[in-house]
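Data from structure.csv: CSV, C-alpha atoms
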chain,number,residue,atom,x,y,z
A,30,MET,CA,27.1,56.0,-21.4
A,31,ILE,CA,27.4,52.6,-23.1
A,32,ILE,CA,31.1,52.3,-22.0
A,33,LYS,CA,30.2,53.2,-18.4
A,34,ASN,CA,27.6,50.3,-18.2
A,35,HIS,CA,30.1,47.9,-19.7
A,36,LYS,CA,32.7,48.9,-17.1
A,37,GLN,CA,30.1,48.4,-14.3
A,38,LEU,CA,29.2,45.0,-15.6
A,39,LEU,CA,32.9,44.0,-15.7
A,40,LEU,CA,33.4,45.3,-12.2
A,41,THR,CA,30.5,43.2,-10.9
A,42,SER,CA,31.8,40.1,-12.5
A,43,LEU,CA,35.2,40.7,-11.0
A,44,ILE,CA,33.7,41.1,-7.5
A,45,SER,CA,31.7,37.9,-7.9
A,46,LEU,CA,34.8,36.0,-8.9
A,47,MET,CA,36.7,37.4,-6.0
A,48,VAL,CA,33.9,36.2,-3.6
A,49,TRP,CA,33.9,32.7,-5.1
A,50,GLY,CA,37.7,32.5,-5.1
A,51,CYS,CA,38.3,33.9,-1.6
A,52,GLY,CA,39.7,31.1,0.6
A,53,SER,CA,38.8,28.4,-1.9
A,54,SER,CA,40.8,26.4,-4.4
A,55,PRO,CA,40.0,26.8,-8.1
A,56,GLU,CA,38.7,23.2,-8.0
A,57,TYR,CA,36.3,23.9,-5.1
A,58,THR,CA,35.2,27.2,-6.7
A,59,THR,CA,34.4,25.4,-9.9
A,60,ALA,CA,32.6,22.7,-8.0
A,61,LYS,CA,30.3,25.2,-6.3
A,62,MET,CA,29.5,26.8,-9.6
A,63,ARG,CA,28.6,23.4,-11.0
A,64,ILE,CA,26.3,22.8,-7.9
A,65,GLU,CA,24.5,26.1,-8.5
A,66,LYS,CA,23.8,25.0,-12.1
A,67,ALA,CA,22.8,21.5,-10.9
A,68,ASP,CA,25.4,20.0,-13.1
A,69,TRP,CA,26.0,17.0,-10.9
A,70,VAL,CA,28.4,15.1,-13.1
A,71,GLN,CA,30.8,18.0,-13.2
A,72,ALA,CA,30.1,18.9,-9.6
A,73,GLU,CA,31.2,15.5,-8.4
A,74,GLU,CA,34.3,15.6,-10.6
A,75,TYR,CA,35.4,18.9,-9.1
A,76,LEU,CA,34.4,18.1,-5.6
A,77,VAL,CA,36.6,15.0,-5.6
A,78,LYS,CA,39.5,17.1,-7.0
A,79,ALA,CA,38.8,19.8,-4.4
A,80,LEU,CA,39.0,17.2,-1.6
A,81,GLU,CA,42.4,16.2,-2.8
A,82,VAL,CA,43.6,19.8,-2.8
A,83,GLU,CA,41.8,20.8,0.5
A,84,PRO,CA,41.8,17.6,2.6
A,85,ASP,CA,41.2,19.6,5.8
A,86,ASN,CA,38.2,21.6,4.6
A,87,PRO,CA,35.1,19.8,6.2
A,88,GLU,CA,32.7,21.6,3.9
A,89,ILE,CA,33.8,19.7,0.8
A,90,PRO,CA,32.9,16.1,2.1
A,91,VAL,CA,29.6,17.4,3.4
A,92,GLN,CA,28.9,18.8,-0.1
A,93,LEU,CA,29.9,15.5,-1.6
A,94,GLY,CA,27.7,13.5,0.8
A,95,TYR,CA,24.6,15.7,0.4
A,96,HIS,CA,24.7,16.8,-3.2
A,97,ILE,CA,26.2,13.8,-4.9
A,98,TYR,CA,26.0,10.5,-3.0
A,99,ALA,CA,22.7,11.1,-1.4
A,100,LYS,CA,21.1,11.9,-4.7
A,101,GLN,CA,22.6,8.7,-6.1
A,102,SER,CA,21.3,6.7,-3.1
A,103,LYS,CA,24.9,5.7,-2.3
A,104,TRP,CA,24.3,5.8,1.5
A,105,ALA,CA,27.5,4.2,2.5
A,106,GLN,CA,29.5,6.8,0.6
A,107,MET,CA,27.3,9.6,1.9
A,108,ASN,CA,28.0,8.5,5.5
A,109,GLU,CA,31.7,8.0,4.8
A,110,MET,CA,31.9,11.7,3.7
A,111,PHE,CA,29.8,12.9,6.7
A,112,GLU,CA,32.1,11.0,9.1
A,113,ARG,CA,35.1,12.4,7.4
A,114,ALA,CA,33.8,16.0,7.8
A,115,LEU,CA,33.0,15.3,11.5
A,116,LYS,CA,36.5,13.9,12.1
A,117,ILE,CA,38.0,17.1,10.6
A,118,ASP,CA,36.0,19.5,12.7
A,119,PRO,CA,32.4,18.9,13.9
A,120,ASP,CA,32.0,22.5,15.1
A,121,ALA,CA,33.3,24.2,12.0
A,122,LYS,CA,30.7,26.4,10.4
A,123,VAL,CA,30.1,25.6,6.7
A,124,THR,CA,27.7,26.7,4.1
A,125,ILE,CA,25.6,24.1,2.3
A,126,SER,CA,22.7,25.2,0.0
A,127,SER,CA,22.9,28.8,1.4
A,128,GLN,CA,22.6,27.5,5.0
A,129,THR,CA,25.5,28.2,7.3
A,130,ARG,CA,25.7,26.1,10.5
A,131,PRO,CA,28.2,23.7,12.2
A,132,VAL,CA,29.2,20.5,10.4
A,133,ARG,CA,27.5,18.4,13.1
A,134,GLU,CA,24.1,20.1,12.6
A,135,HIS,CA,24.3,19.8,8.8
A,136,VAL,CA,25.1,16.0,9.2
A,137,GLU,CA,22.3,15.4,11.7
A,138,GLN,CA,19.8,17.3,9.6
A,139,PHE,CA,20.6,15.5,6.4
A,140,ARG,CA,20.7,12.1,7.9
A,141,TYR,CA,17.4,12.7,9.7
A,142,ARG,CA,15.8,14.0,6.5
A,143,PHE,CA,16.8,11.0,4.3
A,144,TRP,CA,16.0,8.6,7.2
A,145,MET,CA,12.6,10.0,7.8
A,146,GLU,CA,11.6,9.9,4.1
A,147,SER,CA,12.3,6.2,3.9
A,148,TYR,CA,11.1,5.3,7.4
A,149,ASN,CA,7.7,6.9,6.9
A,150,LYS,CA,7.4,5.2,3.5
A,151,GLY,CA,8.1,1.9,5.3
A,152,ILE,CA,5.5,2.5,8.0
A,153,VAL,CA,2.9,3.3,5.3
A,154,ASN,CA,3.6,0.1,3.4
A,155,TYR,CA,3.8,-2.0,6.6
A,156,ASN,CA,0.4,-0.7,7.7
A,157,LYS,CA,-1.0,-1.5,4.2
A,158,TRP,CA,0.4,-5.0,4.6
A,159,LYS,CA,-1.3,-5.4,8.0
A,160,GLN,CA,-4.6,-4.7,6.2
A,161,SER,CA,-4.1,-6.5,2.9
A,162,ARG,CA,-1.6,-9.2,3.9
A,163,ASN,CA,-0.2,-8.7,0.4
A,164,LYS,CA,3.4,-9.8,0.3
A,165,THR,CA,4.3,-7.0,-2.1
A,166,ASP,CA,3.3,-4.4,0.5
A,167,LEU,CA,5.5,-6.2,3.1
A,168,GLN,CA,8.5,-6.3,0.7
A,169,SER,CA,8.0,-2.6,0.0
A,170,ALA,CA,8.1,-1.9,3.7
A,171,VAL,CA,11.3,-4.0,4.1
A,172,THR,CA,13.0,-2.2,1.2
A,173,ALA,CA,12.1,1.2,2.7
A,174,PHE,CA,13.3,0.3,6.2
A,175,GLU,CA,16.5,-1.1,4.7
A,176,THR,CA,17.1,2.2,3.0
A,177,ALA,CA,16.3,4.1,6.2
A,178,SER,CA,18.8,2.0,8.1
A,179,LYS,CA,21.5,2.8,5.6
A,180,ALA,CA,20.7,6.5,5.5
A,181,ASN,CA,21.1,6.7,9.3
A,182,PRO,CA,22.8,3.6,10.7
A,183,ASN,CA,22.6,5.1,14.2
A,184,GLU,CA,18.8,5.1,14.5
A,185,SER,CA,17.8,2.1,16.6
A,186,GLN,CA,14.1,2.1,16.0
A,187,THR,CA,14.7,1.4,12.3
A,188,PHE,CA,16.4,-1.9,13.1
A,189,SER,CA,13.6,-2.9,15.5
A,190,VAL,CA,10.8,-2.4,12.9
A,191,LEU,CA,13.0,-3.9,10.2
A,192,ALA,CA,13.6,-6.9,12.4
A,193,THR,CA,9.8,-7.3,12.8
A,194,SER,CA,9.3,-7.0,9.1
A,195,TYR,CA,11.9,-9.6,8.4
A,196,LEU,CA,10.2,-11.9,10.9
A,197,GLU,CA,6.8,-11.5,9.2
A,198,SER,CA,8.4,-12.2,5.8
A,199,GLY,CA,10.0,-15.5,7.2
A,200,GLN,CA,13.6,-14.2,7.2
A,201,ASN,CA,14.2,-15.3,10.8
A,202,ASP,CA,18.0,-14.9,10.8
A,203,LEU,CA,17.8,-11.3,9.5
A,204,ALA,CA,15.1,-10.6,12.1
A,205,VAL,CA,17.3,-11.7,15.0
A,206,GLN,CA,20.3,-10.0,13.5
A,207,ASN,CA,18.5,-6.6,13.2
A,208,GLY,CA,16.8,-7.0,16.5
A,209,LYS,CA,20.2,-7.4,18.2
A,210,LYS,CA,21.5,-4.4,16.3
A,211,ALA,CA,18.8,-2.3,17.7
A,212,VAL,CA,19.6,-3.4,21.3
A,213,GLU,CA,23.3,-2.9,20.6
A,214,LEU,CA,22.6,0.8,19.6
A,215,MET,CA,20.2,1.4,22.6
A,216,PRO,CA,20.8,-1.3,25.3
A,217,ASN,CA,18.6,0.6,27.8
A,218,ASP,CA,15.6,1.1,25.6
A,219,PHE,CA,12.4,-0.7,26.6
A,220,ASN,CA,11.0,-1.2,23.1
A,221,THR,CA,14.2,-2.6,21.6
A,222,ASN,CA,14.6,-5.2,24.3
A,223,PHE,CA,10.9,-6.1,24.3
A,224,THR,CA,10.9,-6.5,20.5
A,225,LEU,CA,14.0,-8.7,20.4
A,226,SER,CA,12.7,-10.9,23.2
A,227,GLN,CA,9.4,-11.5,21.2
A,228,ILE,CA,11.4,-12.2,18.0
A,229,LEU,CA,13.7,-14.7,19.7
A,230,TYR,CA,10.7,-16.4,21.4
A,231,ARG,CA,8.8,-16.7,18.1
A,232,VAL,CA,11.8,-18.3,16.3
A,233,GLY,CA,12.1,-20.9,19.0
A,234,GLN,CA,14.9,-19.4,21.0
A,235,LYS,CA,13.0,-19.2,24.3
A,236,GLU,CA,15.9,-19.3,26.7
A,237,GLU,CA,17.7,-16.6,24.6
A,238,SER,CA,14.6,-14.4,24.8
A,239,LEU,CA,14.5,-14.4,28.6
A,240,PRO,CA,17.3,-11.8,29.4
A,241,TYR,CA,15.8,-9.3,27.0
A,242,ILE,CA,12.3,-9.4,28.4
A,243,GLU,CA,13.7,-9.3,31.9
A,244,LYS,CA,15.6,-6.2,30.9
A,245,ALA,CA,12.5,-4.7,29.4
A,246,VAL,CA,10.5,-5.2,32.6
A,247,GLU,CA,13.4,-3.8,34.6
A,248,LEU,CA,13.2,-0.7,32.4
A,249,ASN,CA,9.4,-0.3,32.7
A,250,GLN,CA,8.2,-2.1,35.8
A,251,SER,CA,4.6,-1.0,35.3
A,252,ASN,CA,4.0,-2.2,31.8
A,253,SER,CA,1.5,-5.0,32.2
A,254,ASN,CA,2.0,-6.3,28.6
A,255,ALA,CA,5.7,-6.9,29.2
A,256,ILE,CA,5.2,-8.4,32.7
A,257,ARG,CA,2.6,-10.7,31.3
A,258,TYR,CA,4.9,-11.7,28.6
A,259,LEU,CA,7.7,-12.4,31.1
A,260,ALA,CA,5.4,-14.6,33.1
A,261,ASN,CA,4.6,-16.6,30.0
A,262,VAL,CA,8.3,-17.1,29.2
A,263,TYR,CA,9.0,-18.3,32.7
A,264,TYR,CA,6.1,-20.7,32.4
A,265,GLU,CA,7.4,-22.1,29.1
A,266,LEU,CA,10.8,-22.5,30.6
A,267,ASN,CA,9.2,-24.4,33.5
A,268,GLU,CA,10.1,-21.8,36.0
A,269,LYS,CA,6.7,-21.9,37.5
A,270,GLU,CA,7.4,-20.2,40.9
A,271,LYS,CA,8.8,-17.2,39.1
A,272,SER,CA,5.9,-17.3,36.7
A,273,VAL,CA,3.4,-17.1,39.6
A,274,LYS,CA,5.2,-14.1,41.1
A,275,THR,CA,5.3,-12.4,37.8
A,276,PHE,CA,1.6,-13.0,37.1
A,277,GLU,CA,0.9,-11.5,40.5
A,278,LYS,CA,2.9,-8.4,39.6
A,279,ALA,CA,1.1,-8.2,36.2
A,280,ILE,CA,-2.3,-8.3,38.0
A,281,GLU,CA,-1.1,-5.4,40.3
A,282,PHE,CA,-0.5,-3.1,37.3
A,283,GLU,CA,-3.3,-4.3,34.9
A,284,THR,CA,-6.3,-1.9,34.6
A,285,ASP,CA,-8.3,-3.6,31.9
A,286,LYS,CA,-10.9,-6.0,33.5
A,287,ILE,CA,-10.8,-8.6,30.8
A,288,GLN,CA,-7.0,-8.7,30.7
A,289,LYS,CA,-6.9,-8.9,34.5
A,290,ALA,CA,-9.4,-11.8,34.4
A,291,ASN,CA,-7.1,-13.6,31.9
A,292,LEU,CA,-4.1,-13.0,34.2
A,293,TYR,CA,-6.0,-14.4,37.2
A,294,PHE,CA,-7.0,-17.5,35.1
A,295,ASN,CA,-3.4,-18.1,34.2
A,296,LEU,CA,-2.4,-17.7,37.8
A,297,GLY,CA,-5.1,-20.2,38.8
A,298,VAL,CA,-3.7,-22.7,36.3
A,299,LEU,CA,-0.2,-22.3,37.6
A,300,ASN,CA,-1.2,-22.7,41.2
A,301,LYS,CA,-3.1,-25.8,40.3
A,302,GLN,CA,-0.1,-27.3,38.6
A,303,LEU,CA,2.0,-26.4,41.7
A,304,ASN,CA,-0.7,-28.1,43.9
A,305,ASN,CA,-1.5,-24.7,45.5
A,306,PHE,CA,-5.2,-25.5,45.3
A,307,SER,CA,-6.4,-22.8,47.7
A,308,ASP,CA,-4.6,-20.1,45.8
A,309,ALA,CA,-5.8,-21.6,42.5
A,310,GLU,CA,-9.4,-21.5,43.8
A,311,ILE,CA,-9.0,-17.8,44.7
A,312,ALA,CA,-7.5,-16.9,41.4
A,313,PHE,CA,-10.2,-18.7,39.4
A,314,GLU,CA,-12.9,-17.0,41.5
A,315,GLU,CA,-11.3,-13.6,40.8
A,316,ALA,CA,-11.2,-14.4,37.1
A,317,PHE,CA,-14.9,-15.3,37.0
A,318,TYR,CA,-15.8,-12.2,39.1
A,319,LEU,CA,-14.1,-9.9,36.6
A,320,ASN,CA,-15.4,-11.7,33.6
A,321,GLU,CA,-18.7,-13.6,34.0
A,322,LYS,CA,-18.3,-15.0,30.5
A,323,ASP,CA,-15.1,-16.7,31.5
A,324,TYR,CA,-16.5,-20.3,31.7
A,325,GLU,CA,-12.9,-21.6,31.7
A,326,ALA,CA,-12.4,-20.0,35.1
A,327,VAL,CA,-15.3,-22.0,36.6
A,328,ARG,CA,-14.1,-25.1,34.8
A,329,GLY,CA,-10.7,-24.5,36.3
A,330,MET,CA,-12.2,-24.4,39.8
A,331,ALA,CA,-14.1,-27.7,39.1
A,332,GLU,CA,-10.9,-29.3,37.8
A,333,ALA,CA,-9.0,-28.1,40.9
A,334,TYR,CA,-11.6,-29.6,43.2
A,335,GLU,CA,-11.6,-32.9,41.3
A,336,GLU,CA,-7.8,-33.1,41.4
A,337,LEU,CA,-8.0,-32.5,45.2
A,338,GLY,CA,-10.5,-35.3,45.4
A,339,ASP,CA,-8.2,-37.6,43.4
A,340,ASN,CA,-5.2,-36.7,45.6
A,341,TYR,CA,-7.0,-37.5,48.8
A,342,PHE,CA,-8.5,-40.7,47.4
A,343,ASN,CA,-5.2,-42.0,46.1
A,344,GLY,CA,-2.9,-40.5,48.8
A,345,GLU,CA,-0.6,-39.0,46.1
A,346,ASP,CA,1.5,-35.8,45.8
A,347,GLY,CA,2.0,-35.5,49.5
A,348,PHE,CA,-1.7,-36.0,50.4
A,349,GLU,CA,-2.7,-38.4,53.1
A,350,LYS,CA,-5.2,-41.0,51.9
A,351,ASP,CA,-8.7,-39.8,53.1
A,352,PRO,CA,-11.7,-41.1,51.0
A,353,ALA,CA,-14.2,-39.0,53.1
A,354,ARG,CA,-12.4,-35.8,52.2
A,355,ALA,CA,-12.1,-36.9,48.6
A,356,ALA,CA,-15.8,-37.4,48.4
A,357,ARG,CA,-16.4,-33.8,49.7
A,358,TRP,CA,-14.1,-32.4,47.0
A,359,TYR,CA,-15.9,-34.4,44.3
A,360,ARG,CA,-19.2,-32.9,45.6
A,361,LYS,CA,-17.7,-29.4,45.3
A,362,ALA,CA,-16.5,-30.1,41.8
A,363,GLU,CA,-20.0,-31.4,40.9
A,364,ASN,CA,-21.6,-28.2,42.1
A,365,LYS,CA,-19.2,-26.1,40.0
A,366,VAL,CA,-20.0,-28.1,36.9
A,367,LYS,CA,-23.7,-27.6,37.7
A,368,SER,CA,-23.2,-23.9,37.7
A,369,LEU,CA,-21.5,-24.2,34.4
A,370,MET,CA,-24.6,-25.8,32.9
A,371,ASN,CA,-26.6,-22.7,33.8
A,372,ILE,CA,-24.3,-20.2,32.2
A,373,ASP,CA,-22.9,-22.2,29.2
A,374,ILE,CA,-26.0,-24.0,28.0
A,375,ASP,CA,-24.4,-24.8,24.6
A,376,ASN,CA,-22.2,-27.4,26.2
A,377,GLU,CA,-24.8,-28.9,28.5
A,378,SER,CA,-24.3,-32.5,27.3
A,379,THR,CA,-20.6,-32.3,28.0
A,380,TYR,CA,-21.2,-31.1,31.6
A,381,LYS,CA,-23.7,-33.9,32.1
A,382,LYS,CA,-21.0,-36.4,31.3
A,383,ASP,CA,-18.6,-34.6,33.7
A,384,ILE,CA,-21.2,-34.8,36.5
A,385,GLU,CA,-21.7,-38.5,35.9
A,386,LEU,CA,-18.0,-39.2,36.2
A,387,LEU,CA,-17.8,-37.1,39.4
A,388,ARG,CA,-20.7,-38.9,41.0
A,389,TYR,CA,-19.1,-42.2,40.1
A,390,LYS,CA,-15.9,-41.1,41.8
A,391,ARG,CA,-17.7,-39.8,44.8
A,392,GLY,CA,-19.7,-43.0,45.1
A,393,ILE,CA,-16.5,-45.1,45.2
A,394,ALA,CA,-14.9,-42.8,47.8
A,395,GLU,CA,-18.0,-42.9,50.0
A,396,LYS,CA,-17.9,-46.7,50.0
A,397,ASN,CA,-14.3,-46.8,51.3

Please express what this file holds, its structure, as structure tokens.
Amino acid sequence: MIIKNHKQLLLTSLISLMVWGCGSSPEYTTAKMRIEKADWVQAEEYLVKALEVEPDNPEIPVQLGYHIYAKQSKWAQMNEMFERALKIDPDAKVTISSQTRPVREHVEQFRYRFWMESYNKGIVNYNKWKQSRNKTDLQSAVTAFETASKANPNESQTFSVLATSYLESGQNDLAVQNGKKAVELMPNDFNTNFTLSQILYRVGQKEESLPYIEKAVELNQSNSNAIRYLANVYYELNEKEKSVKTFEKAIEFETDKIQKANLYFNLGVLNKQLNNFSDAEIAFEEAFYLNEKDYEAVRGMAEAYEELGDNYFNGEDGFEKDPARAARWYRKAENKVKSLMNIDIDNESTYKKDIELLRYKRGIAEKN
């Protein structure tokens, strides 16, 4: 009875050895045994040897990438092994940690897992920084995003958020570099283009930011934030006609009353600068209609009327000299300022001075 059990045990061991050895080199068989025992030093040694003996076996580089280099946070080496496996045969079914699936699926799963761990850690620290404004939290976010970008260098959103983190930490060159990397990976993505445009604008590269915000608006033509941003860029680049048209488009898609009021106000300012005074008046009135606390809109109307009065009085900017019409516009400006006194009582003294000046101008115009 004892002898029989001994023979059975011996037979089981032989079968196990045959399974391990079937189709595998001794080096790879030993490597897998070391992996099972979590002996990572020996596992690495024999996996490297196995790779030399079986250079066309895609399972070995996946094992090296996942079990060895990922555990050591050697992301470049991990991805080098993954790419090597994909180059051998992306559709070959291999077994890693008892899971059998194509090489491509293993690689995607592992990269996503390591990327997600670091990316989520970065988001947590970035949000902490937004609350605390503690530089340590921001640096922790940067470090985590850097790790995520190395774990999966093909994930564009990592580079966008990393670029933003670099910008907040004052590393402008790295911010631009990573923002461009994100667009390079996903040239037709709204967020990557919008983010890069904002970064370039903030670091003073306004002209360079324009193509990216134009692209973003092209990709999402109903996003009022992007359209409004494009209008501002046009304005800063002194392309005021384009800015007017873009503000009009932003107004069309904006649903928030206060935001729409702000857009109308900016449109009024632009039209006033372009001497489109009737359009400016309409825009300012719309701004005040949508937001009765927008005193600046009423002031904008008053200033537009005063400028019209000045133009008619002096005969400038294409206006024919007409003191009588100038006086009428000064009177309209005065009425607007009076209405301001009733709604913005904290600045009553300022408005009284404005009225005195307008009456002075009107008096001179009426004498001519």

task: Find, counting only C-alpha atoms, the residue in A:Tyr57, A:Tyr318, A:Tyr264, A:Phe342 that gets nearest to Gln302 of chain A.
output: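 Counting only C-alpha atoms, the residue closest to Gln302 of chain A is A:Tyr264.
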
In terms of only C-alpha atoms, the residue from A:Leu266, A:Ala180, A:Ile228, A:Val273 at minimal distance from Ser194 of chain A is A:Ile228

Could you list, as a ChimeraX atom specification, every residue within 10 Å of Lys289 of chain A, counting only C-alpha atoms and ignoring same-chain residues fewer than 3 positions away? /A:253,276,279-286,292-295,315-316,319-320

Atom pair atom CA of Asn267 of chain A + atom CA of Leu303 of chain A, distance 11.1 Å

How close does each residue of segment 130-234 of chain A get to segment 91-99 of chain A, giving the shortest atom pair and distance in Å to one decimal for every residue with an atom at most 9 Å away, counting all atoms listed in the file, sorted by chain and residue number, as JSON lines?
{"residue": "A:Val132", "atom": "CA", "partner": "A:Val91", "partner_atom": "CA", "distance": 7.7}
{"residue": "A:His135", "atom": "CA", "partner": "A:Val91", "partner_atom": "CA", "distance": 7.9}
{"residue": "A:Val136", "atom": "CA", "partner": "A:Val91", "partner_atom": "CA", "distance": 7.5}
{"residue": "A:Phe139", "atom": "CA", "partner": "A:Tyr95", "partner_atom": "CA", "distance": 7.2}
{"residue": "A:Phe143", "atom": "CA", "partner": "A:Ala99", "partner_atom": "CA", "distance": 8.2}
{"residue": "A:Ala180", "atom": "CA", "partner": "A:Ala99", "partner_atom": "CA", "distance": 8.5}

Contact residues around Ala309 of chain A with only C-alpha atoms at 6 Å, ignoring same-chain residues under 6 positions, as a list in words: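 These residues fall inside the cut-off: Gly297, Asn300 and Lys301 of chain A.
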
What would the file look like if the residues just selected were written as a CSV table (one decimal), in the coordinates of the input with C-alpha atoms?
chain,number,residue,atom,x,y,z
A,297,GLY,CA,-5.1,-20.2,38.8
A,300,ASN,CA,-1.2,-22.7,41.2
A,301,LYS,CA,-3.1,-25.8,40.3

request  = Find, counting all atoms listed in the file, the residue in A:Met110, A:Val262, A:Met145, A:Met370 that gets nearest to Gly233 of chain A.
outcome  =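 Smallest separation from Gly233 of chain A among the options: A:Val262.
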
Using all atoms listed in the file: which of A:Thr193, A:Gln106, A:Asn217, A:Ser251 has the shortest distance to Val232 of chain A:
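With all atoms listed in the file as the atom set, the closest residue is A:Thr193.
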
Requested in this report: Could you please determine the separation between atom CA of Ala331 of chain A and atom CA of Ala290 of chain A in Å, to one decimal place?
Outcome: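 Spanning atom CA of Ala331 of chain A to atom CA of Ala290 of chain A is a straight-line distance of 17.2 Å.
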
Practice item. Quote the spacing between atom CA of Glu74 of chain A and atom CA of Glu88 of chain A in Å to one decimal place. Key: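 Computing the Euclidean distance for atom CA of Glu74 of chain A and atom CA of Glu88 of chain A yields 15.8 Å.
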
If you count all atoms listed in the file, the residue of A:Arg133, A:Lys61, A:Lys209, A:Lys179 closest to Ala105 of chain A turns out to be A:Lys179

Proximity of segment 256-317 of chain A to segment 238-248 of chain A: per-residue shortest pair, 9 Å limit, all atoms listed in the file, as JSON lines:
{"residue": "A:Ile256", "atom": "CA", "partner": "A:Val246", "partner_atom": "CA", "distance": 6.2}
{"residue": "A:Tyr258", "atom": "CA", "partner": "A:Ile242", "partner_atom": "CA", "distance": 7.8}
{"residue": "A:Leu259", "atom": "CA", "partner": "A:Ile242", "partner_atom": "CA", "distance": 6.1}
{"residue": "A:Val262", "atom": "CA", "partner": "A:Leu239", "partner_atom": "CA", "distance": 6.8}
{"residue": "A:Tyr263", "atom": "CA", "partner": "A:Leu239", "partner_atom": "CA", "distance": 7.9}
